[in-house]
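Asks: Sending over query37.txt (compact mmCIF, C-alpha atoms).
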```txt
# COMPACT_ATOMS: atom_id res chain seq x y z
CA MET N 1 16.53 119.98 53.33
CA ALA N 2 12.93 120.32 54.44
CA ALA N 3 12.39 123.16 51.99
CA SER N 4 13.79 121.04 49.15
CA GLU N 5 11.45 118.11 49.98
CA ALA N 6 8.47 120.45 50.14
CA ALA N 7 9.33 121.82 46.71
CA VAL N 8 9.51 118.29 45.28
CA LEU N 9 6.14 117.36 46.79
CA SER N 10 4.57 120.53 45.44
CA SER N 11 5.95 119.81 41.98
CA SER N 12 4.63 116.21 42.06
CA SER N 13 1.19 117.37 43.18
CA LEU N 14 1.10 119.87 40.33
CA GLU N 15 1.95 117.14 37.79
CA ILE N 16 -0.82 114.85 39.13
CA ASP N 17 -3.41 117.66 39.00
CA THR N 18 -2.39 118.56 35.45
CA ALA N 19 -2.67 114.91 34.32
CA SER N 20 -6.06 114.58 36.03
CA ILE N 21 -7.36 117.70 34.30
CA SER N 22 -6.06 116.41 30.95
CA GLU N 23 -7.79 113.03 31.43
CA THR N 24 -11.05 114.74 32.42
CA ALA N 25 -10.91 116.93 29.31
CA GLU N 26 -10.28 113.92 27.07
CA THR N 27 -13.20 112.01 28.65
CA THR N 28 -15.53 114.99 28.25
CA SER N 29 -14.45 115.39 24.62
CA ALA N 30 -15.01 111.69 23.91
CA MET N 31 -18.44 111.84 25.51
CA ALA N 32 -19.32 114.86 23.39
CA VAL N 33 -18.18 113.06 20.22
CA THR N 34 -20.18 109.98 21.18
CA SER N 35 -23.25 112.10 21.86
CA VAL N 36 -22.92 113.86 18.51
CA ALA N 37 -22.46 110.52 16.72
CA ALA N 38 -25.52 109.11 18.47
CA ALA N 39 -27.55 112.16 17.47
CA ILE N 40 -26.38 111.82 13.85
CA ALA N 41 -27.23 108.10 13.85
CA ALA N 42 -30.68 108.79 15.32
CA ALA N 43 -31.32 111.46 12.72
CA ALA N 44 -30.17 109.13 9.95
CA ALA N 45 -32.43 106.35 11.27
CA ALA N 46 -35.38 108.73 11.46
CA ARG N 47 -34.63 109.91 7.93
CA THR N 48 -34.38 106.31 6.69
CA GLY N 49 -37.65 105.44 8.41
CA ALA N 50 -39.37 108.46 6.93
CA GLU N 51 -37.99 107.64 3.48
CA ALA N 52 -39.18 104.04 3.82
CA ARG N 53 -42.67 105.23 4.78
CA VAL N 54 -42.73 107.61 1.82
CA SER N 55 -41.49 104.83 -0.46
CA LYS N 56 -44.18 102.41 0.72
CA ALA N 57 -46.82 105.10 0.48
CA ALA N 58 -45.71 105.81 -3.08
CA LEU N 59 -45.93 102.10 -3.92
CA ALA N 60 -49.40 101.91 -2.38
CA ALA N 61 -50.52 104.92 -4.42
CA LYS N 62 -49.06 103.38 -7.57
CA LEU N 63 -50.83 100.08 -6.89
CA LEU N 64 -54.17 101.84 -6.42
CA SER N 65 -53.68 103.76 -9.66
CA LEU N 66 -53.05 100.69 -11.86
CA SER N 67 -55.78 100.22 -14.48
CA GLY N 68 -55.90 98.05 -17.55
CA VAL N 69 -55.64 94.51 -18.87
CA PHE N 70 -52.57 92.28 -19.01
CA ALA N 71 -51.75 88.57 -19.07
CA VAL N 72 -49.99 86.24 -16.64
CA ARG N 73 -48.54 82.79 -17.13
CA LYS N 74 -50.61 80.17 -15.29
CA PRO N 75 -48.81 76.95 -14.33
CA LYS N 76 -50.43 73.55 -13.86
CA GLY N 77 -51.88 72.98 -10.40
CA PRO N 78 -53.63 76.06 -9.01
CA THR N 79 -57.09 77.07 -10.13
CA SER N 80 -57.43 80.42 -11.89
CA ALA N 81 -58.93 81.91 -8.70
CA GLU N 82 -56.06 80.59 -6.57
CA LEU N 83 -53.52 82.09 -8.95
CA LEU N 84 -55.31 85.42 -8.82
CA ASN N 85 -55.18 85.34 -5.01
CA ARG N 86 -51.46 84.62 -5.19
CA LEU N 87 -50.98 87.64 -7.46
CA LYS N 88 -53.05 89.84 -5.15
CA GLU N 89 -51.10 88.74 -2.07
CA LYS N 90 -47.74 89.49 -3.72
CA LEU N 91 -48.86 93.01 -4.64
CA LEU N 92 -50.27 93.69 -1.16
CA ALA N 93 -47.10 92.42 0.51
CA GLU N 94 -44.91 94.62 -1.70
CA ALA N 95 -46.91 97.75 -0.87
CA GLU N 96 -47.47 96.65 2.76
CA MET N 97 -51.21 97.21 2.44
CA PRO N 98 -53.39 97.57 4.31
CA SER N 99 -51.17 98.96 7.06
CA PRO N 100 -52.37 99.46 10.67
CA GLU N 101 -52.08 103.26 10.52
CA TRP N 102 -54.64 103.35 7.72
CA THR N 103 -57.43 101.65 9.60
CA LYS N 104 -59.25 104.90 10.32
CA ARG N 105 -58.84 106.27 6.80
CA LYS N 106 -61.34 106.21 3.96
CA LYS N 107 -61.52 102.83 2.24
CA GLN N 108 -60.89 102.26 -1.44
CA THR N 109 -61.45 99.00 -3.25
CA LEU N 110 -58.73 97.65 -5.51
CA LYS N 111 -60.39 95.46 -8.12
CA ILE N 112 -58.47 92.67 -9.76
CA GLY N 113 -59.96 89.83 -11.79
CA HIS N 114 -59.45 87.35 -14.59
CA GLY N 115 -61.40 86.72 -17.76
CA GLY N 116 -61.48 83.21 -19.17
CA THR N 117 -60.94 80.47 -16.57
CA LEU N 118 -58.36 77.74 -17.08
CA ASP N 119 -58.83 74.34 -15.46
CA SER N 120 -56.40 73.57 -12.63
CA ALA N 121 -54.67 70.95 -14.80
CA ALA N 122 -54.24 73.43 -17.66
CA GLN N 123 -51.54 76.04 -18.15
CA GLY N 124 -50.89 79.10 -20.28
CA VAL N 125 -52.30 82.59 -20.82
CA LEU N 126 -54.62 83.97 -18.15
CA VAL N 127 -55.92 87.46 -18.88
CA VAL N 128 -56.11 89.72 -15.82
CA GLY N 129 -57.86 93.06 -15.34
CA ILE N 130 -56.91 95.51 -12.63
CA GLY N 131 -58.71 98.68 -11.53
CA ARG N 132 -61.06 99.88 -14.22
CA GLY N 133 -59.61 97.18 -16.46
CA THR N 134 -61.95 94.66 -14.80
CA LYS N 135 -64.77 96.23 -16.81
CA MET N 136 -63.02 95.07 -19.98
CA LEU N 137 -62.87 91.39 -19.01
CA THR N 138 -66.31 90.47 -20.34
CA SER N 139 -65.23 91.50 -23.83
CA MET N 140 -62.23 89.16 -23.49
CA LEU N 141 -64.57 86.20 -22.98
CA SER N 142 -66.09 86.51 -26.43
CA GLY N 143 -62.72 86.93 -28.15
CA SER N 144 -60.76 84.14 -29.80
CA LYS N 145 -58.53 81.75 -27.88
CA ARG N 146 -55.89 79.32 -29.05
CA TYR N 147 -54.90 76.04 -27.42
CA ILE N 148 -52.45 73.21 -27.82
CA ALA N 149 -54.14 70.05 -26.56
CA ILE N 150 -52.69 66.57 -26.20
CA GLY N 151 -55.40 63.92 -26.31
CA GLU N 152 -55.15 60.25 -25.37
CA LEU N 153 -57.12 57.71 -27.37
CA GLY N 154 -58.72 54.63 -25.84
CA LYS N 155 -59.42 56.14 -22.43
CA ALA N 156 -62.47 58.10 -21.19
CA THR N 157 -62.79 59.77 -17.78
CA ASP N 158 -65.65 61.40 -15.89
CA THR N 159 -63.97 64.82 -16.11
CA LEU N 160 -62.91 64.31 -19.75
CA ASP N 161 -59.28 64.88 -18.75
CA SER N 162 -56.45 63.11 -16.90
CA THR N 163 -57.62 64.30 -13.47
CA GLY N 164 -60.77 62.18 -13.50
CA LYS N 165 -61.66 58.54 -12.94
CA ILE N 166 -61.50 56.20 -15.92
CA THR N 167 -65.03 55.35 -17.01
CA GLU N 168 -64.35 53.50 -20.26
CA GLU N 169 -61.54 51.96 -22.31
CA LYS N 170 -61.71 51.04 -25.98
CA PRO N 171 -59.23 49.84 -28.61
CA TYR N 172 -57.52 52.46 -30.77
CA ASP N 173 -54.86 50.46 -32.60
CA LYS N 174 -56.56 50.75 -36.01
CA ILE N 175 -56.92 54.54 -35.89
CA THR N 176 -54.56 56.32 -38.30
CA GLN N 177 -53.40 59.89 -38.72
CA GLU N 178 -55.53 60.15 -41.85
CA ASP N 179 -58.58 59.06 -39.84
CA ILE N 180 -58.12 61.93 -37.38
CA GLU N 181 -57.39 64.51 -40.06
CA GLY N 182 -60.44 63.34 -41.99
CA ILE N 183 -62.92 64.12 -39.22
CA LEU N 184 -61.55 67.47 -38.03
CA GLN N 185 -63.61 69.33 -40.61
CA LYS N 186 -66.75 68.19 -38.76
CA PHE N 187 -65.57 70.17 -35.74
CA THR N 188 -64.76 73.38 -37.62
CA GLY N 189 -66.96 76.44 -38.02
CA ASN N 190 -70.21 77.08 -36.16
CA ILE N 191 -71.07 73.82 -34.42
CA MET N 192 -73.13 72.55 -31.50
CA GLN N 193 -71.31 71.30 -28.41
CA VAL N 194 -72.45 69.64 -25.17
CA PRO N 195 -70.51 71.09 -22.17
CA PRO N 196 -68.81 68.69 -19.71
CA LEU N 197 -70.63 67.74 -16.53
CA TYR N 198 -67.57 68.88 -14.58
CA SER N 199 -67.83 72.57 -15.38
CA ALA N 200 -68.61 75.98 -13.93
CA LEU N 201 -72.09 75.94 -15.43
CA LYS N 202 -74.76 76.09 -12.75
CA LYS N 203 -77.89 74.30 -11.69
CA ASP N 204 -80.05 75.94 -9.01
CA GLY N 205 -77.21 78.36 -8.26
CA GLN N 206 -74.56 75.67 -7.76
CA ARG N 207 -71.77 74.61 -10.07
CA LEU N 208 -72.28 71.31 -11.85
CA SER N 209 -68.75 70.27 -10.84
CA THR N 210 -69.62 70.83 -7.16
CA LEU N 211 -72.78 68.73 -7.48
CA MET N 212 -70.85 65.96 -9.25
CA LYS N 213 -68.22 65.85 -6.52
CA ARG N 214 -71.00 65.40 -3.95
CA GLY N 215 -72.17 62.36 -5.86
CA GLU N 216 -75.45 63.94 -6.93
CA VAL N 217 -77.10 62.96 -10.20
CA VAL N 218 -76.59 65.74 -12.74
CA GLU N 219 -78.11 65.90 -16.18
CA ALA N 220 -75.99 67.11 -19.05
CA LYS N 221 -76.67 70.61 -20.28
CA PRO N 222 -78.14 70.81 -23.77
CA ALA N 223 -75.83 71.37 -26.73
CA ARG N 224 -75.15 75.02 -27.44
CA PRO N 225 -73.64 76.87 -30.39
CA VAL N 226 -69.88 77.46 -30.37
CA THR N 227 -67.33 78.48 -32.96
CA VAL N 228 -64.08 76.83 -34.05
CA TYR N 229 -62.05 79.05 -36.37
CA ASN N 230 -59.32 76.54 -37.08
CA ILE N 231 -58.20 73.11 -35.97
CA SER N 232 -55.24 71.05 -37.12
CA LEU N 233 -53.44 67.85 -36.13
CA GLN N 234 -49.88 68.66 -35.12
CA LYS N 235 -48.66 65.23 -34.11
CA PHE N 236 -49.91 61.65 -33.91
CA GLN N 237 -48.07 59.05 -31.88
CA PRO N 238 -50.67 56.49 -30.74
CA PRO N 239 -52.36 56.68 -28.36
CA PHE N 240 -51.50 60.38 -28.20
CA PHE N 241 -52.47 63.11 -30.65
CA THR N 242 -51.75 66.84 -30.51
CA LEU N 243 -54.22 69.46 -31.72
CA ASP N 244 -53.82 73.17 -32.40
CA VAL N 245 -57.25 74.77 -31.89
CA GLU N 246 -58.43 78.35 -32.33
CA CYS N 247 -61.95 78.89 -31.02
CA GLY N 248 -64.43 81.42 -29.66
CA GLY N 249 -65.83 81.90 -26.18
CA GLY N 250 -67.71 79.14 -24.36
CA PHE N 251 -65.84 76.34 -26.17
CA TYR N 252 -64.61 73.30 -24.25
CA ILE N 253 -61.44 71.57 -25.45
CA ARG N 254 -62.29 68.61 -23.20
CA SER N 255 -65.59 68.10 -25.00
CA LEU N 256 -63.86 68.40 -28.37
CA VAL N 257 -61.32 65.69 -27.57
CA SER N 258 -64.04 63.43 -26.17
CA ASP N 259 -66.20 63.94 -29.26
CA ILE N 260 -63.25 63.17 -31.55
CA GLY N 261 -62.74 59.86 -29.74
CA LYS N 262 -66.41 58.96 -30.19
CA GLU N 263 -66.32 59.94 -33.88
CA LEU N 264 -63.42 57.51 -34.33
CA SER N 265 -65.47 54.69 -32.70
CA SER N 266 -63.23 54.80 -29.65
CA CYS N 267 -62.92 57.23 -26.74
CA ALA N 268 -60.47 59.91 -25.73
CA SER N 269 -59.60 62.38 -22.96
CA VAL N 270 -57.32 65.39 -22.55
CA LEU N 271 -53.87 64.60 -21.24
CA GLU N 272 -52.41 68.13 -21.37
CA LEU N 273 -53.85 71.54 -22.22
CA THR N 274 -52.03 74.82 -22.85
CA ARG N 275 -53.68 78.10 -23.78
CA THR N 276 -51.21 79.81 -26.09
CA LYS N 277 -53.29 82.88 -26.95
CA GLN N 278 -56.31 84.83 -25.71
CA GLY N 279 -57.38 87.85 -27.66
CA PRO N 280 -54.20 89.76 -28.52
CA PHE N 281 -52.19 88.21 -25.67
CA THR N 282 -49.78 85.38 -26.50
CA LEU N 283 -48.01 83.03 -24.11
CA GLU N 284 -44.51 83.71 -25.41
CA GLU N 285 -44.71 87.49 -25.82
CA HIS N 286 -47.14 88.84 -23.25
CA ALA N 287 -47.79 86.41 -20.38
CA LEU N 288 -46.02 87.72 -17.27
CA PRO N 289 -44.13 85.01 -15.30
CA GLU N 290 -44.51 84.97 -11.53
CA ASP N 291 -41.05 86.40 -10.84
CA LYS N 292 -42.20 89.63 -12.53
CA TRP N 293 -45.40 90.02 -10.52
CA THR N 294 -44.37 93.35 -9.01
CA ILE N 295 -46.09 96.72 -9.00
CA ASP N 296 -43.51 98.18 -11.38
CA GLY N 297 -43.52 95.04 -13.53
CA ILE N 298 -47.29 95.16 -13.97
CA ALA N 299 -47.23 98.92 -14.61
CA GLN N 300 -44.76 98.38 -17.45
CA CYS N 301 -46.78 95.44 -18.76
CA LEU N 302 -50.00 97.51 -18.76
CA GLU N 303 -48.28 100.25 -20.72
CA HIS N 304 -47.00 97.74 -23.28
CA CYS N 305 -50.29 95.84 -23.55
CA SER N 306 -52.46 98.94 -24.00
CA SER N 307 -51.36 99.13 -27.63
CA LEU N 308 -52.68 95.60 -28.25
CA LEU N 309 -56.29 96.43 -27.40
CA PRO N 310 -58.90 97.86 -29.76
CA ALA N 311 -59.31 101.65 -29.52
CA GLU N 312 -62.79 101.34 -28.02
CA LEU N 313 -61.40 99.25 -25.14
CA THR N 314 -58.38 101.33 -24.25
CA LEU N 315 -58.73 103.21 -20.99
CA LYS N 316 -58.77 106.98 -21.04
CA LYS N 317 -56.50 108.74 -18.60
CA SER N 318 -58.40 109.71 -15.52
CA LYS N 319 -57.82 111.57 -12.31
CA PRO N 320 -55.89 109.70 -9.60
CA GLU N 321 -58.15 107.23 -7.87
CA GLY N 322 -57.21 108.51 -4.42
CA SER N 323 -54.25 109.34 -2.27
CA CYS N 324 -51.86 106.87 -0.76
CA GLU N 325 -53.65 107.37 2.56
CA GLN N 326 -56.58 105.27 1.40
CA VAL N 327 -57.09 101.75 2.63
CA LEU N 328 -57.23 98.76 0.36
CA SER N 329 -60.42 96.74 0.61
CA CYS N 330 -60.48 93.58 -1.49
CA GLU N 331 -63.76 92.12 -2.66
CA TYR N 332 -64.60 88.90 -4.49
CA ILE N 333 -67.29 89.46 -7.08
CA THR N 334 -68.54 87.02 -9.66
CA LEU N 335 -69.21 89.01 -12.80
CA ASN N 336 -70.09 86.23 -15.17
CA GLU N 337 -70.34 82.50 -14.73
CA THR N 338 -72.64 81.73 -17.62
CA GLN N 339 -69.67 80.54 -19.65
CA GLY N 340 -67.81 77.29 -19.14
CA ASP N 341 -64.74 76.21 -17.17
CA ASP N 342 -62.63 77.69 -19.91
CA ASP N 343 -64.61 80.93 -19.75
CA GLY N 344 -65.29 82.75 -16.53
CA CYS N 345 -64.97 86.33 -15.48
CA LYS N 346 -64.12 87.00 -11.85
CA THR N 347 -62.83 89.95 -9.91
CA LEU N 348 -61.28 90.20 -6.50
```
With the file now loaded, output its structure as structure tokens.

Replies:
Amino acid sequence: MAASEAAVLSSSSLEIDTASISETAETTSAMAVTSVAAAIAAAAAARTGAEARVSKAALAAKLLSLSGVFAVRKPKGPTSAELLNRLKEKLLAEAEMPSPEWTKRKKQTLKIGHGGTLDSAAQGVLVVGIGRGTKMLTSMLSGSKRYIAIGELGKATDTLDSTGKITEEKPYDKITQEDIEGILQKFTGNIMQVPPLYSALKKDGQRLSTLMKRGEVVEAKPARPVTVYNISLQKFQPPFFTLDVECGGGFYIRSLVSDIGKELSSCASVLELTRTKQGPFTLEEHALPEDKWTIDGIAQCLEHCSSLLPAELTLKKSKPEGSCEQVLSCEYITLNETQGDDDGCKTL
């Protein structure tokens, strides 16, 4: 009896030990699998991080290598300089430049600028140069531009457009479509034009518009020669009239509309202004909307737009402007402010 009980106890003990060993083996195996999985995950994360860094570095290098001239679509509201800053910020954010790890590296300046300023209330084509393309912007100033302008008869403002204070009101009810069409020839060809007081032209190093806003007395600049290639009346619905104007550099649409009002023994100001063309760039075909302001989008646009430029302006292929390890340093440089509000050349 005692021997039988001892045998049973021994058998039970053996079963418990075997189960314990089995559980220990399973736990060890699970821990090994978990460890391997963690190692694989860590390796994958490291690989992903490395790939992301390479990807961003490649984008940075691509951004620094962009050179040429293209066009963007400017909306009403921001100034041309503000829009250029917005473009610059989007490109920097996409490439994550400058990044902290680059602070001790050699600096490289990315130049980006616009040629031919649009008033904040205006919209349409804004020509942009990037990289060595900024050197081509001055030539864009002297090229032809085309505008659609809506003028309002019977109302004059201090800025010559709808953003200013009303300075004069005159009747316009007797003005006909034939009257407007009859005087347009006087504003065609090589003519003399007095620039607006609210403009980017300078006196003693300061913009006339800045002096005017301070309430300082500013004398009008003398009339200067400008060129109008073509002008036509598109629509007349009193007090509003719509003009299609093709002109050269330094021409002010605001002055044109004001002068037309005076010629009609009334007054007038610009209600809306859209630049539909500058040089070879048109609003419908070439102006890049903001949702396409990406490094790849601009690269494709530059490639497409290069065929629009004269041979002497096209950029020759050059050596890479530096590795992706170079820092971006942005500068604001005024290249030319001798033109008017509608004509300025700036680089960032």

Asks: Might you pull out every residue within 12 Å of Gly297 (chain N), with only C-alpha atoms counted and same-chain residues fewer than 4 positions away left off, and present them as a list of chain:residue names?

Replies: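 Using only C-alpha atoms, the neighbours found are N:Lys62, N:Leu63, N:Leu66, N:Phe70, N:Ala71, N:Val72, N:Leu91, N:Glu94, N:Ala287, N:Leu288, N:Pro289, N:Glu290, N:Asp291, N:Lys292, N:Trp293, N:Cys301, N:Leu302, N:Glu303, N:His304.
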
Asks: Selected residues, C-alpha atoms, written as a PDB file, in the coordinates of the input, please.

Replies:
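out-v5.pdb written:
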```pdb
ATOM      1  CA  LYS N  62     -49.060 103.380  -7.570  1.00  0.00           C
ATOM      2  CA  LEU N  63     -50.830 100.080  -6.890  1.00  0.00           C
ATOM      3  CA  LEU N  66     -53.050 100.690 -11.860  1.00  0.00           C
ATOM      4  CA  PHE N  70     -52.570  92.280 -19.010  1.00  0.00           C
ATOM      5  CA  ALA N  71     -51.750  88.570 -19.070  1.00  0.00           C
ATOM      6  CA  VAL N  72     -49.990  86.240 -16.640  1.00  0.00           C
ATOM      7  CA  LEU N  91     -48.860  93.010  -4.640  1.00  0.00           C
ATOM      8  CA  GLU N  94     -44.910  94.620  -1.700  1.00  0.00           C
ATOM      9  CA  ALA N 287     -47.790  86.410 -20.380  1.00  0.00           C
ATOM     10  CA  LEU N 288     -46.020  87.720 -17.270  1.00  0.00           C
ATOM     11  CA  PRO N 289     -44.130  85.010 -15.300  1.00  0.00           C
ATOM     12  CA  GLU N 290     -44.510  84.970 -11.530  1.00  0.00           C
ATOM     13  CA  ASP N 291     -41.050  86.400 -10.840  1.00  0.00           C
ATOM     14  CA  LYS N 292     -42.200  89.630 -12.530  1.00  0.00           C
ATOM     15  CA  TRP N 293     -45.400  90.020 -10.520  1.00  0.00           C
ATOM     16  CA  CYS N 301     -46.780  95.440 -18.760  1.00  0.00           C
ATOM     17  CA  LEU N 302     -50.000  97.510 -18.760  1.00  0.00           C
ATOM     18  CA  GLU N 303     -48.280 100.250 -20.720  1.00  0.00           C
ATOM     19  CA  HIS N 304     -47.000  97.740 -23.280  1.00  0.00           C
TER      20      HIS N 304
END
```

Asks: So that I can see what lies close to region 232-236 of chain N, please list as a list in words the residues with an atom at most 8 Å from it, counting all atoms listed in the file and leaving out residues fewer than 5 positions away in the same chain.

Replies: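 Neighbouring residues, sequence-local ones excluded: Gln177, Ile180, Glu181, Leu184, Phe241, Thr242, Leu243, Asp244 and Val245 of chain N.
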
Asks: Mind pulling up the distance from CA of Gln300 (chain N) to CA of Arg132 (chain N)?

Replies: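 About the pair CA of Arg132 (chain N) and CA of Gln300 (chain N): they are 16.7 Å apart.
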
Asks: What does the distance from CA of Tyr147 (chain N) to CA of Asp119 (chain N) come to in Å, to one decimal?

Replies: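 A separation of 12.7 Å between them.
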
Asks: Please list as a compact mmCIF listing (two decimals) with C-alpha atoms, keeping the file's coordinate frame every residue within 9 Å of region 73-75 of chain N, counting all atoms listed in the file and excluding residues in the same chain fewer than 6 positions away.

Replies:
```txt
# COMPACT_ATOMS: atom_id res chain seq x y z
CA LEU N 83 -53.52 82.09 -8.95
CA LEU N 118 -58.36 77.74 -17.08
CA SER N 120 -56.40 73.57 -12.63
CA ALA N 121 -54.67 70.95 -14.80
CA ALA N 122 -54.24 73.43 -17.66
CA GLN N 123 -51.54 76.04 -18.15
CA GLY N 124 -50.89 79.10 -20.28
CA VAL N 125 -52.30 82.59 -20.82
CA LEU N 126 -54.62 83.97 -18.15
CA VAL N 127 -55.92 87.46 -18.88
CA LEU N 283 -48.01 83.03 -24.11
CA HIS N 286 -47.14 88.84 -23.25
CA ALA N 287 -47.79 86.41 -20.38
CA LEU N 288 -46.02 87.72 -17.27
CA PRO N 289 -44.13 85.01 -15.30
CA GLU N 290 -44.51 84.97 -11.53
```

Asks: Given only C-alpha atoms as the basis, pick out the residue of N:Pro171, N:Pro196, N:Gly189, N:Gly131 nearest to Asp158 (chain N).

Replies: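 Under the stated criterion, the closest residue is N:Pro196.
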
Asks: Can you tell me how far CA of Ser307 (chain N) sits from CA of Glu284 (chain N), in Å to one decimal?

Replies: 17.0 Å

Asks: Which residue gives the smallest distance to Thr276 (chain N) among N:Asn85, N:Ser65, N:Ser144, N:Ser255, with only C-alpha atoms counted?

Replies: N:Ser144

Asks: For region 264-269 of chain N, please output as a PyMOL selection string all residues within 12 Å (counting all atoms listed in the file; exclusion window: fewer than 6 positions along the same chain).

Replies: chain N and resi 149-184+196+238-242+253-258
